[in-house]
>>> print(open('query-v7.cif').read())   # mmCIF, C-alpha atoms
data_target
#
loop_
_atom_site.group_PDB
_atom_site.id
_atom_site.type_symbol
_atom_site.label_atom_id
_atom_site.label_comp_id
_atom_site.auth_asym_id
_atom_site.auth_seq_id
_atom_site.Cartn_x
_atom_site.Cartn_y
_atom_site.Cartn_z
ATOM 1 C CA MET A 187 30.682 6.100 9.156
ATOM 2 C CA TYR A 188 28.812 4.079 6.566
ATOM 3 C CA LYS A 189 27.767 0.425 6.309
ATOM 4 C CA SER A 190 30.922 -0.606 4.437
ATOM 5 C CA GLU A 191 33.136 0.717 7.237
ATOM 6 C CA LEU A 192 31.067 -1.057 9.874
ATOM 7 C CA ASP A 193 31.347 -4.297 7.880
ATOM 8 C CA LYS A 194 35.153 -3.981 7.942
ATOM 9 C CA HIS A 195 35.146 -3.483 11.718
ATOM 10 C CA ILE A 196 32.941 -6.557 12.116
ATOM 11 C CA GLN A 197 35.277 -8.612 9.932
ATOM 12 C CA ASN A 198 38.391 -7.345 11.725
ATOM 13 C CA GLY A 199 36.957 -7.681 15.234
ATOM 14 C CA SER A 200 37.654 -3.986 15.881
ATOM 15 C CA LEU A 201 34.186 -2.914 17.002
ATOM 16 C CA SER A 202 33.466 -0.444 19.758
ATOM 17 C CA ASN A 203 30.868 -1.419 22.364
ATOM 18 C CA SER A 204 28.481 1.508 21.819
ATOM 19 C CA PHE A 205 26.665 2.305 18.577
ATOM 20 C CA ILE A 206 24.226 4.805 17.130
ATOM 21 C CA LEU A 207 22.450 3.436 14.049
ATOM 22 C CA PHE A 208 20.419 5.793 11.868
ATOM 23 C CA GLY A 209 19.608 6.612 8.261
ATOM 24 C CA GLU A 210 17.097 5.994 5.497
ATOM 25 C CA SER A 211 17.024 2.180 5.502
ATOM 26 C CA THR A 212 14.956 0.830 8.374
ATOM 27 C CA PHE A 213 15.682 -2.716 7.233
ATOM 28 C CA LEU A 214 19.457 -2.278 7.479
ATOM 29 C CA ILE A 215 19.178 -0.571 10.869
ATOM 30 C CA GLU A 216 17.169 -3.544 12.142
ATOM 31 C CA ARG A 217 19.529 -6.045 10.552
ATOM 32 C CA TYR A 218 22.687 -4.598 12.065
ATOM 33 C CA LEU A 219 20.993 -4.048 15.402
ATOM 34 C CA GLY A 220 20.424 -7.799 15.449
ATOM 35 C CA ILE A 221 24.000 -8.559 14.388
ATOM 36 C CA LEU A 222 25.584 -6.308 17.011
ATOM 37 C CA THR A 223 23.451 -7.585 19.879
ATOM 38 C CA ASP A 224 23.410 -11.295 19.020
ATOM 39 C CA ILE A 225 25.270 -12.367 22.151
ATOM 40 C CA LYS A 226 24.573 -15.685 23.795
ATOM 41 C CA ASP A 227 23.428 -15.557 27.439
ATOM 42 C CA ALA A 228 23.642 -11.761 27.602
ATOM 43 C CA SER A 229 21.450 -9.793 29.989
ATOM 44 C CA VAL A 230 19.386 -7.688 27.570
ATOM 45 C CA ALA A 231 17.250 -4.622 28.321
ATOM 46 C CA LYS A 232 15.120 -3.263 25.472
ATOM 47 C CA PHE A 233 13.360 0.101 25.347
ATOM 48 C CA TYR A 234 11.148 0.632 22.323
ATOM 49 C CA HIS A 235 9.903 4.106 21.414
ATOM 50 C CA ASP A 236 7.871 5.561 24.327
ATOM 51 C CA GLU A 237 9.120 2.864 26.713
ATOM 52 C CA TYR A 238 12.479 4.612 27.100
ATOM 53 C CA ASP A 239 13.353 5.496 30.689
ATOM 54 C CA PHE A 240 16.756 7.039 31.342
ATOM 55 C CA ALA A 241 17.105 5.876 34.947
ATOM 56 C CA SER A 242 16.291 2.252 34.072
ATOM 57 C CA ALA A 243 18.583 2.267 31.050
ATOM 58 C CA LYS A 244 21.487 3.665 33.065
ATOM 59 C CA ALA A 245 20.866 1.203 35.885
ATOM 60 C CA HIS A 246 21.043 -1.728 33.468
ATOM 61 C CA LEU A 247 24.483 -0.696 32.231
ATOM 62 C CA SER A 248 25.662 0.064 35.758
ATOM 63 C CA GLN A 249 24.715 -3.211 37.374
ATOM 64 C CA ALA A 250 26.888 -6.283 37.393
ATOM 65 C CA SER A 251 25.449 -9.183 35.420
ATOM 66 C CA LEU A 252 24.051 -11.874 37.689
ATOM 67 C CA PHE A 253 26.092 -14.544 35.974
ATOM 68 C CA GLY A 254 29.098 -12.479 34.976
ATOM 69 C CA ASP A 255 27.918 -12.215 31.361
ATOM 70 C CA GLN A 256 27.414 -9.153 29.201
ATOM 71 C CA ASN A 257 24.828 -6.440 29.719
ATOM 72 C CA VAL A 258 23.191 -5.333 26.476
ATOM 73 C CA LEU A 259 21.096 -2.177 26.224
ATOM 74 C CA ILE A 260 18.895 -1.586 23.150
ATOM 75 C CA ILE A 261 16.976 1.630 22.590
ATOM 76 C CA LYS A 262 14.783 2.026 19.499
ATOM 77 C CA SER A 263 13.045 5.343 18.995
ATOM 78 C CA GLU A 264 11.880 7.901 16.459
ATOM 79 C CA LYS A 265 12.558 10.600 19.037
ATOM 80 C CA LYS A 266 16.041 11.836 19.835
ATOM 81 C CA ILE A 267 17.390 10.971 23.282
ATOM 82 C CA PRO A 268 18.461 14.150 25.106
ATOM 83 C CA LYS A 269 22.178 14.636 24.426
ATOM 84 C CA LYS A 270 23.141 14.707 28.097
ATOM 85 C CA GLU A 271 21.345 11.399 28.728
ATOM 86 C CA LEU A 272 22.826 9.789 25.614
ATOM 87 C CA ASP A 273 26.347 10.883 26.593
ATOM 88 C CA THR A 274 25.834 9.443 30.067
ATOM 89 C CA LEU A 275 24.663 6.090 28.721
ATOM 90 C CA VAL A 276 27.634 5.898 26.356
ATOM 91 C CA GLU A 277 30.069 6.771 29.149
ATOM 92 C CA GLN A 278 28.467 4.209 31.436
ATOM 93 C CA CYS A 279 28.725 1.571 28.722
ATOM 94 C CA GLU A 280 32.386 2.284 28.055
ATOM 95 C CA LYS A 281 33.286 1.859 31.714
ATOM 96 C CA ASN A 282 32.790 -1.863 31.205
ATOM 97 C CA PRO A 283 34.094 -3.301 27.894
ATOM 98 C CA ASN A 284 31.698 -6.249 28.294
ATOM 99 C CA ASN A 285 28.691 -3.950 27.946
ATOM 100 C CA ILE A 286 26.964 -3.329 24.621
ATOM 101 C CA PHE A 287 24.781 -0.300 23.957
ATOM 102 C CA VAL A 288 22.921 0.196 20.654
ATOM 103 C CA TYR A 289 20.716 3.201 20.015
ATOM 104 C CA ALA A 290 18.637 2.759 16.846
ATOM 105 C CA TYR A 291 17.296 6.145 15.794
ATOM 106 C CA TYR A 292 14.419 6.061 13.267
ATOM 107 C CA GLY A 293 13.768 9.795 13.070
ATOM 108 C CA ASP A 294 14.401 12.167 10.174
ATOM 109 C CA ASP A 295 17.223 14.300 11.620
ATOM 110 C CA GLN A 296 20.094 12.530 9.860
ATOM 111 C CA LYS A 297 22.615 15.243 10.759
ATOM 112 C CA ALA A 298 22.124 14.821 14.506
ATOM 113 C CA TYR A 299 24.357 11.740 14.753
ATOM 114 C CA ALA A 300 26.609 12.198 11.718
ATOM 115 C CA LYS A 301 29.667 12.771 13.904
ATOM 116 C CA PRO A 302 30.336 10.881 17.145
ATOM 117 C CA SER A 303 31.549 12.697 20.219
ATOM 118 C CA ALA A 304 35.329 13.004 20.308
ATOM 119 C CA LYS A 305 35.246 11.950 23.960
ATOM 120 C CA THR A 306 33.840 8.493 23.225
ATOM 121 C CA LYS A 307 34.503 5.520 20.949
ATOM 122 C CA THR A 308 30.896 5.347 19.825
ATOM 123 C CA MET A 309 30.392 4.200 16.256
ATOM 124 C CA CYS A 310 27.742 6.294 14.485
ATOM 125 C CA VAL A 311 26.581 4.469 11.369
ATOM 126 C CA ARG A 312 24.301 5.852 8.678
ATOM 127 C CA PHE A 313 22.438 3.364 6.477
ATOM 128 C CA PHE A 314 21.295 4.536 3.053
ATOM 129 C CA HIS A 315 18.835 2.706 0.829
ATOM 130 C CA PRO A 316 21.003 0.132 -0.953
ATOM 131 C CA ASN A 317 21.632 0.386 -4.664
ATOM 132 C CA GLN A 318 20.921 -2.585 -6.925
ATOM 133 C CA GLY A 319 24.222 -4.373 -6.263
ATOM 134 C CA GLU A 320 24.066 -3.773 -2.510
ATOM 135 C CA ALA A 321 20.476 -5.015 -2.372
ATOM 136 C CA ILE A 322 21.408 -8.260 -4.128
ATOM 137 C CA PHE A 323 24.411 -8.728 -1.833
ATOM 138 C CA THR A 324 22.337 -8.128 1.313
ATOM 139 C CA VAL A 325 19.609 -10.587 0.313
ATOM 140 C CA SER A 326 22.270 -13.145 -0.643
ATOM 141 C CA GLN A 327 23.707 -12.776 2.878
ATOM 142 C CA VAL A 328 20.257 -13.389 4.340
ATOM 143 C CA ALA A 329 19.888 -16.454 2.094
ATOM 144 C CA ARG A 330 23.197 -17.891 3.314
ATOM 145 C CA GLU A 331 22.184 -17.323 6.929
ATOM 146 C CA LYS A 332 18.894 -19.121 6.285
ATOM 147 C CA ASN A 333 20.593 -21.923 4.303
ATOM 148 C CA VAL A 334 18.563 -21.100 1.204
ATOM 149 C CA ASN A 335 20.280 -22.153 -2.026
ATOM 150 C CA ILE A 336 19.618 -19.288 -4.433
ATOM 151 C CA ASP A 337 21.933 -17.521 -6.882
ATOM 152 C CA ASN A 338 22.262 -13.771 -7.497
ATOM 153 C CA HIS A 339 20.385 -13.882 -10.789
ATOM 154 C CA THR A 340 17.346 -15.359 -9.052
ATOM 155 C CA ILE A 341 17.715 -12.890 -6.169
ATOM 156 C CA ASN A 342 17.700 -10.072 -8.738
ATOM 157 C CA HIS A 343 14.397 -11.442 -10.062
ATOM 158 C CA LEU A 344 12.975 -11.689 -6.534
ATOM 159 C CA LEU A 345 13.935 -8.090 -5.741
ATOM 160 C CA ALA A 346 12.434 -6.856 -8.999
ATOM 161 C CA ILE A 347 9.141 -8.501 -8.048
ATOM 162 C CA HIS A 348 9.104 -6.494 -4.832
ATOM 163 C CA ASN A 349 10.226 -3.219 -6.414
ATOM 164 C CA TRP A 350 13.681 -3.606 -4.820
ATOM 165 C CA ASP A 351 12.354 -3.643 -1.280
ATOM 166 C CA ILE A 352 14.981 -5.726 0.561
ATOM 167 C CA ALA A 353 12.711 -6.204 3.568
ATOM 168 C CA LEU A 354 10.012 -7.897 1.473
ATOM 169 C CA ALA A 355 12.587 -9.930 -0.464
ATOM 170 C CA SER A 356 14.209 -11.108 2.774
ATOM 171 C CA ASN A 357 10.827 -12.168 4.114
ATOM 172 C CA GLU A 358 10.413 -14.328 1.018
ATOM 173 C CA ILE A 359 13.807 -15.929 1.716
ATOM 174 C CA GLU A 360 12.456 -16.983 5.102
ATOM 175 C CA LYS A 361 9.500 -18.697 3.390
ATOM 176 C CA LEU A 362 11.819 -20.468 0.927
ATOM 177 C CA ARG A 363 13.672 -22.244 3.742
ATOM 178 C CA VAL A 364 11.276 -25.187 3.434
ATOM 179 C CA TYR A 365 12.747 -26.130 0.039
ATOM 180 C CA ASP A 366 15.832 -28.318 0.312
ATOM 181 C CA ARG A 367 17.054 -27.610 -3.226
ATOM 182 C CA VAL A 368 18.244 -24.846 -5.504
ATOM 183 C CA ILE A 369 15.642 -22.097 -5.837
ATOM 184 C CA THR A 370 14.957 -21.133 -9.462
ATOM 185 C CA ILE A 371 13.297 -18.191 -11.167
ATOM 186 C CA LYS A 372 10.398 -20.505 -11.989
ATOM 187 C CA ASP A 373 10.001 -21.184 -8.252
ATOM 188 C CA ILE A 374 9.931 -17.457 -7.566
ATOM 189 C CA ASP A 375 7.306 -16.873 -10.244
ATOM 190 C CA SER A 376 5.043 -19.627 -8.926
ATOM 191 C CA LEU A 377 5.549 -19.181 -5.172
ATOM 192 C CA VAL A 378 6.174 -15.514 -4.441
ATOM 193 C CA PHE A 379 3.288 -13.112 -4.002
ATOM 194 C CA GLY A 380 3.767 -9.935 -5.987
ATOM 195 C CA LEU A 381 4.524 -11.418 -9.395
ATOM 196 C CA ALA A 382 1.452 -9.896 -11.015
ATOM 197 C CA GLN A 383 2.388 -6.372 -9.950
ATOM 198 C CA THR A 384 5.891 -6.704 -11.304
ATOM 199 C CA SER A 385 4.645 -8.222 -14.546
ATOM 200 C CA ILE A 386 2.271 -5.298 -14.930
ATOM 201 C CA ASP A 387 5.034 -2.773 -14.166
ATOM 202 C CA ASP A 388 7.306 -4.287 -16.823
ATOM 203 C CA PHE A 389 4.336 -4.462 -19.174
ATOM 204 C CA ILE A 390 3.541 -0.759 -18.622
ATOM 205 C CA LYS A 391 7.145 0.191 -19.357
ATOM 206 C CA LYS A 392 6.902 -1.625 -22.688
ATOM 207 C CA ILE A 393 3.770 0.320 -23.567
ATOM 208 C CA LEU A 394 5.307 3.662 -22.616
ATOM 209 C CA ASN A 395 8.472 2.851 -24.572
ATOM 210 C CA LYS A 396 6.324 1.981 -27.609
ATOM 211 C CA LYS A 397 7.436 -1.644 -27.695
ATOM 212 C CA ASP A 398 5.347 -4.668 -28.684
ATOM 213 C CA PHE A 399 3.330 -5.625 -25.596
ATOM 214 C CA LYS A 400 0.775 -8.103 -26.984
ATOM 215 C CA GLU A 401 2.444 -11.298 -25.716
ATOM 216 C CA ASP A 402 2.889 -9.740 -22.265
ATOM 217 C CA LEU A 403 -0.767 -8.722 -22.213
ATOM 218 C CA LYS A 404 -1.817 -12.236 -23.156
ATOM 219 C CA SER A 405 0.345 -13.713 -20.375
ATOM 220 C CA ILE A 406 -0.983 -11.292 -17.753
ATOM 221 C CA ILE A 407 -4.608 -12.066 -18.619
ATOM 222 C CA GLU A 408 -3.905 -15.826 -18.670
ATOM 223 C CA HIS A 409 -2.447 -15.525 -15.165
ATOM 224 C CA GLY A 410 -5.811 -14.302 -13.936
ATOM 225 C CA GLU A 411 -5.492 -10.526 -14.040
ATOM 226 C CA ASP A 412 -8.723 -8.656 -14.644
ATOM 227 C CA GLU A 413 -8.750 -6.278 -17.625
ATOM 228 C CA ILE A 414 -10.083 -3.400 -15.542
ATOM 229 C CA ARG A 415 -7.346 -3.900 -12.956
ATOM 230 C CA VAL A 416 -4.718 -3.789 -15.710
ATOM 231 C CA LEU A 417 -6.188 -0.523 -16.935
ATOM 232 C CA THR A 418 -6.340 1.048 -13.479
ATOM 233 C CA ALA A 419 -2.745 -0.051 -12.840
ATOM 234 C CA ILE A 420 -1.663 1.839 -15.956
ATOM 235 C CA THR A 421 -3.640 4.892 -14.852
ATOM 236 C CA SER A 422 -2.013 4.753 -11.415
ATOM 237 C CA TYR A 423 1.456 4.394 -12.949
ATOM 238 C CA LEU A 424 0.900 7.391 -15.218
ATOM 239 C CA THR A 425 -0.427 9.446 -12.306
ATOM 240 C CA GLN A 426 2.763 8.693 -10.424
ATOM 241 C CA LEU A 427 4.873 9.723 -13.412
ATOM 242 C CA TYR A 428 2.876 12.948 -13.678
ATOM 243 C CA MET A 429 3.611 13.688 -10.013
ATOM 244 C CA PHE A 430 7.320 13.198 -10.742
ATOM 245 C CA HIS A 431 7.028 15.445 -13.797
ATOM 246 C CA ILE A 432 5.388 18.323 -11.904
ATOM 247 C CA TYR A 433 7.718 18.023 -8.905
ATOM 248 C CA ILE A 434 10.822 18.117 -11.116
ATOM 249 C CA ARG A 435 9.532 21.140 -13.052
ATOM 250 C CA VAL A 436 8.943 23.021 -9.801
ATOM 251 C CA ASN A 437 11.960 21.868 -7.764
ATOM 252 C CA GLY A 438 14.508 20.813 -10.348
ATOM 253 C CA ALA A 439 15.091 17.307 -9.001
ATOM 254 C CA PRO A 440 12.898 14.425 -7.736
ATOM 255 C CA ASN A 441 12.353 13.584 -4.079
ATOM 256 C CA ALA A 442 10.730 10.173 -3.662
ATOM 257 C CA LEU A 443 9.701 10.763 -0.057
ATOM 258 C CA GLU A 444 7.759 13.915 -0.955
ATOM 259 C CA ILE A 445 6.354 12.556 -4.219
ATOM 260 C CA LEU A 446 5.453 9.005 -3.185
ATOM 261 C CA GLY A 447 5.231 9.355 0.569
ATOM 262 C CA TYR A 448 7.965 6.772 1.079
ATOM 263 C CA PRO A 449 11.677 6.513 0.173
ATOM 264 C CA ALA A 450 12.705 4.470 -2.856
ATOM 265 C CA PRO A 451 16.063 3.242 -4.207
ATOM 266 C CA LYS A 452 17.924 5.847 -6.264
ATOM 267 C CA PHE A 453 17.899 3.827 -9.486
ATOM 268 C CA VAL A 454 14.098 3.426 -9.250
ATOM 269 C CA VAL A 455 13.672 7.169 -8.694
ATOM 270 C CA ASP A 456 16.040 7.989 -11.563
ATOM 271 C CA GLU A 457 14.184 5.666 -13.924
ATOM 272 C CA LYS A 458 10.763 7.151 -13.134
ATOM 273 C CA ALA A 459 12.097 10.695 -13.252
ATOM 274 C CA ALA A 460 13.615 10.162 -16.701
ATOM 275 C CA MET A 461 10.435 8.533 -17.992
ATOM 276 C CA SER A 462 8.189 11.249 -16.529
ATOM 277 C CA ILE A 463 9.986 14.103 -18.260
ATOM 278 C CA LYS A 464 9.595 12.494 -21.701
ATOM 279 C CA ILE A 465 5.804 12.985 -21.577
ATOM 280 C CA LYS A 466 4.333 16.471 -22.047
ATOM 281 C CA PRO A 467 1.708 17.775 -19.556
ATOM 282 C CA GLN A 468 -0.957 17.957 -22.278
ATOM 283 C CA THR A 469 -0.229 14.337 -23.207
ATOM 284 C CA TYR A 470 -0.715 13.257 -19.589
ATOM 285 C CA TYR A 471 -4.161 14.871 -19.722
ATOM 286 C CA LYS A 472 -5.104 13.058 -22.947
ATOM 287 C CA LEU A 473 -3.822 9.726 -21.640
ATOM 288 C CA HIS A 474 -5.783 9.968 -18.392
ATOM 289 C CA GLU A 475 -8.906 11.008 -20.282
ATOM 290 C CA LEU A 476 -8.565 7.997 -22.606
ATOM 291 C CA LEU A 477 -7.928 5.526 -19.787
ATOM 292 C CA LEU A 478 -10.817 6.741 -17.637
ATOM 293 C CA GLU A 479 -13.240 6.646 -20.575
ATOM 294 C CA SER A 480 -12.128 3.111 -21.422
ATOM 295 C CA GLU A 481 -12.525 2.005 -17.815
ATOM 296 C CA LEU A 482 -16.085 3.332 -17.850
ATOM 297 C CA LYS A 483 -16.826 1.382 -21.051
ATOM 298 C CA MET A 484 -15.434 -1.807 -19.517
ATOM 299 C CA LYS A 485 -17.743 -1.463 -16.536
ATOM 300 C CA SER A 486 -20.780 -1.531 -18.820
ATOM 301 C CA SER A 487 -22.495 -4.858 -19.287
ATOM 302 C CA HIS A 488 -22.056 -7.166 -22.297
ATOM 303 C CA VAL A 489 -18.844 -5.640 -23.638
ATOM 304 C CA ASP A 490 -15.669 -7.266 -24.924
ATOM 305 C CA LYS A 491 -13.172 -6.143 -22.288
ATOM 306 C CA ASP A 492 -10.223 -7.700 -24.111
ATOM 307 C CA ALA A 493 -10.989 -5.754 -27.278
ATOM 308 C CA ILE A 494 -11.462 -2.472 -25.399
ATOM 309 C CA LEU A 495 -8.224 -2.971 -23.473
ATOM 310 C CA LEU A 496 -6.164 -3.780 -26.565
ATOM 311 C CA SER A 497 -7.543 -0.858 -28.581
ATOM 312 C CA THR A 498 -6.980 1.486 -25.623
ATOM 313 C CA LEU A 499 -3.357 0.460 -25.208
ATOM 314 C CA LEU A 500 -2.684 0.862 -28.929
ATOM 315 C CA ARG A 501 -4.215 4.330 -28.696
ATOM 316 C CA VAL A 502 -1.986 5.114 -25.686
ATOM 317 C CA GLN A 503 1.080 4.378 -27.784
ATOM 318 C CA GLN A 504 -0.239 6.622 -30.569
ATOM 319 C CA LEU A 505 -0.615 9.528 -28.131
ATOM 320 C CA LEU A 506 2.930 9.184 -26.774
#
>>> encode(input="query-v7.cif", output="C-alpha cells")
Amino acid sequence: MYKSELDKHIQNGSLSNSFILFGESTFLIERYLGILTDIKDASVAKFYHDEYDFASAKAHLSQASLFGDQNVLIIKSEKKIPKKELDTLVEQCEKNPNNIFVYAYYGDDQKAYAKPSAKTKTMCVRFFHPNQGEAIFTVSQVAREKNVNIDNHTINHLLAIHNWDIALASNEIEKLRVYDRVITIKDIDSLVFGLAQTSIDDFIKKILNKKDFKEDLKSIIEHGEDEIRVLTAITSYLTQLYMFHIYIRVNGAPNALEILGYPAPKFVVDEKAAMSIKIKPQTYYKLHELLLESELKMKSSHVDKDAILLSTLLRVQQLL
C-alpha cells in the first residue's frame, strides 16, 4: 500500500499491529515509524542496523510486559531480514494484539516488500518522494504538531529554499517554535539558512531563460554573496544540467539517483531535464570555457569583479 492508504487506516483506527515501511523517502519512513510507535508507557526494544539480533527480537515480542502494557519492537536496517526470521517475528507479534512490530527497511530492493504475506495482516507501506503538494501538506502537519503558525504559501517558500527537501524544511519548523506569532515569508528570508542558495538558483534560471537578471544580481551581492561564488555556482549548475543532458541522450530518460548521487522530487528532475535538453553540447562547452576564464580574471588582483561578472552573464545569455 501507499502513504494515502496508511493515512486512511490511521484515521479510521483500522491499523494492523505489524508494519514494513520502505521506499525512497527516508524522512517519511522515519515520520511514520514515530507515529506508529508513539505509545505511552510501552515496553520498547530497538534494533538499529547491525544491532539486529533475531533471538532478542523474538524474545521481546514473546514476553509478557512487566506492567501489562504493550511491547513494541522496532527494527531499522539497510539489510533485509531473512524471510523466515521476519515471518516468525510477524507471527509472534500477531499472537498478541497489544504488540506492535515495525520494520523500517532503508535498502534499495523496493520489490522485496511490495506485497505482504497472505498469511499475515502485515501492512507493507512504500513511501515515495512527495510531490510539491504532498510536501507542503506534510510540512504543514509538522507545523501543526509543533504549534507553529505558518500558512501554506510561506511553507512553499521555505521548501523552495531547501530545494524541496522536507527533512530540512521540517527541521526549520522546529527552530521556528520559539516565535509565538504568525511566521511570514520575511521571517523565513531573514532567519532560515539556505536563502542565498535558493536566490542564486532562481537567479540562474532567469539567466538561462534569457530574462532580465540585473535586479536579482544586485540583491544577491548586497546580501553578501561574493562575485566569484556566484560565478562558480552558475558553473556548477550548468555542469549538473550537462550531466542530465548526456544521461538523457544515452538512456532516454533522467535518473536523479544516478546523475546526482541522491534522489530528488520528480518535478525538480523534470524541470532540470527539460532545461538541460534546450542547450546544445557545443554550447555547454562554450559556456564553461567563458565561465572558467572569467573566474580566473576575477582571481587576479586589482580588478572590478562586479564589471567582469555582469559582462560574463550578458555574454552567457548571448551564447544561449
>>> residues_around(input="query-v7.cif", residues="segment 365-375 of chain A", least_positions_apart="3", cutoff="6 Å", atoms="all atoms listed in the file", output="count of residues only")
5
>>> atom_distance(input="query-v7.cif", atom1="atom CA of Gln256 of chain A", atom2="atom CA of Asp193 of chain A")
22.2 Å
>>> closest_residue(input="query-v7.cif", among="A:Ala493, A:Ala290, A:Ser263, A:Lys392", to="Glu237 of chain A", atoms="only C-alpha atoms")
A:Ser263
>>> resolve_selection(input="query-v7.cif", expression="the PyMOL selection byres ((chain A and resi 189) around 10)", output="list in words")
Met187, Tyr188, Ser190, Glu191, Leu192, Asp193, Lys194, His195, Leu207, Leu214, Ile215, Tyr218, Val311, Arg312, Phe313, Phe314 and Pro316 of chain A
>>> resolve_selection(input="query-v7.cif", expression="the PyMOL selection byres ((chain A and resi 418-434) around 7)", output="list in words")
Ile390, Ile414, Arg415, Val416, Leu417, Arg435, Val436, Asn437, Gly438, Ala439, Pro440, Ile445, Lys458, Ala459, Ser462, Ile463, Tyr470, His474 and Leu477 of chain A
>>> atom_distance(input="query-v7.cif", atom1="atom CA of Phe287 of chain A", atom2="atom CA of Ile322 of chain A")
29.4 Å
>>> atom_distance(input="query-v7.cif", atom1="atom CA of Asn285 of chain A", atom2="atom CA of Phe205 of chain A")
11.4 Å
>>> resolve_selection(input="query-v7.cif", expression="the PyMOL selection byres ((chain A and resi 204) around 8)", output="ChimeraX atom specification")
/A:202-203,205-206,276,279-280,286-288,307-309
>>> write_last_selection(input="query-v7.cif", atoms="C-alpha atoms", output="CSV table (one decimal), in the coordinates of the input")
chain,number,residue,atom,x,y,z
A,202,SER,CA,33.5,-0.4,19.8
A,203,ASN,CA,30.9,-1.4,22.4
A,205,PHE,CA,26.7,2.3,18.6
A,206,ILE,CA,24.2,4.8,17.1
A,276,VAL,CA,27.6,5.9,26.4
A,279,CYS,CA,28.7,1.6,28.7
A,280,GLU,CA,32.4,2.3,28.1
A,286,ILE,CA,27.0,-3.3,24.6
A,287,PHE,CA,24.8,-0.3,24.0
A,288,VAL,CA,22.9,0.2,20.7
A,307,LYS,CA,34.5,5.5,20.9
A,308,THR,CA,30.9,5.3,19.8
A,309,MET,CA,30.4,4.2,16.3
>>> closest_residue(input="query-v7.cif", among="A:Gln249, A:Leu482, A:Gly199, A:His339", to="Ser229 of chain A", atoms="only C-alpha atoms")
A:Gln249
>>> residues_around(input="query-v7.cif", residues="Phe240 of chain A", least_positions_apart="2", cutoff="12 Å", atoms="all atoms listed in the file", output="VMD selection string")
chain A and resid 232 to 233 236 to 238 242 to 247 259 261 267 to 275
>>> closest_residue(input="query-v7.cif", among="A:Asp387, A:Lys361, A:Asp492, A:Ile341", to="Glu408 of chain A", atoms="all atoms listed in the file")
A:Asp492
>>> closest_residue(input="query-v7.cif", among="A:Leu345, A:Leu446, A:Leu201, A:Ala241", to="Ala321 of chain A", atoms="all atoms listed in the file")
A:Leu345
>>> residues_around(input="query-v7.cif", residues="Arg217 of chain A", least_positions_apart="3", cutoff="12 Å", atoms="only C-alpha atoms", output="ChimeraX atom specification")
/A:189,207-208,211-214,220-224,290,313,324-325,327-328,352-353,356
>>> closest_residue(input="query-v7.cif", among="A:Ser376, A:Asn349, A:Gln197, A:Ser303", to="Gln318 of chain A", atoms="only C-alpha atoms")
A:Asn349
>>> closest_residue(input="query-v7.cif", among="A:Glu331, A:Asp402, A:Asp227, A:Asp294", to="Leu443 of chain A", atoms="only C-alpha atoms")
A:Asp294
>>> residues_around(input="query-v7.cif", residues="Leu499 of chain A", least_positions_apart="3", cutoff="9 Å", atoms="only C-alpha atoms", output="list in words")
Ile393, Leu417, Leu477, Ile494, Leu495, Leu496, Val502, Gln503 and Gln504 of chain A
>>> axis_aligned_box(input="query-v7.cif", around="segment 258-263 of chain A", padding_each_side="4 Å", output="JSON")
{"center_x": 18.1, "center_y": 0.0, "center_z": 22.7, "size_x": 18.1, "size_y": 18.7, "size_z": 15.5}
>>> decode(input="query-v7.cif", residues="segment 215-229 of chain A", atoms="C-alpha atoms", output="PDB file, in the first residue's frame")
ATOM      1  CA  ILE A 215       9.686   6.317   6.786  1.00  0.00           C
ATOM      2  CA  GLU A 216      11.082   7.937   9.936  1.00  0.00           C
ATOM      3  CA  ARG A 217       7.988  10.071  10.420  1.00  0.00           C
ATOM      4  CA  TYR A 218       5.518   7.205  10.221  1.00  0.00           C
ATOM      5  CA  LEU A 219       7.750   4.963  12.295  1.00  0.00           C
ATOM      6  CA  GLY A 220       7.401   7.569  15.031  1.00  0.00           C
ATOM      7  CA  ILE A 221       3.634   7.853  14.561  1.00  0.00           C
ATOM      8  CA  LEU A 222       3.026   4.101  14.685  1.00  0.00           C
ATOM      9  CA  THR A 223       5.173   3.517  17.760  1.00  0.00           C
ATOM     10  CA  ASP A 224       4.199   6.587  19.792  1.00  0.00           C
ATOM     11  CA  ILE A 225       2.599   4.608  22.610  1.00  0.00           C
ATOM     12  CA  LYS A 226       2.704   5.845  26.167  1.00  0.00           C
ATOM     13  CA  ASP A 227       4.350   3.521  28.715  1.00  0.00           C
ATOM     14  CA  ALA A 228       5.080   0.834  26.121  1.00  0.00           C
ATOM     15  CA  SER A 229       7.996  -1.549  26.561  1.00  0.00           C
TER      16      SER A 229
END
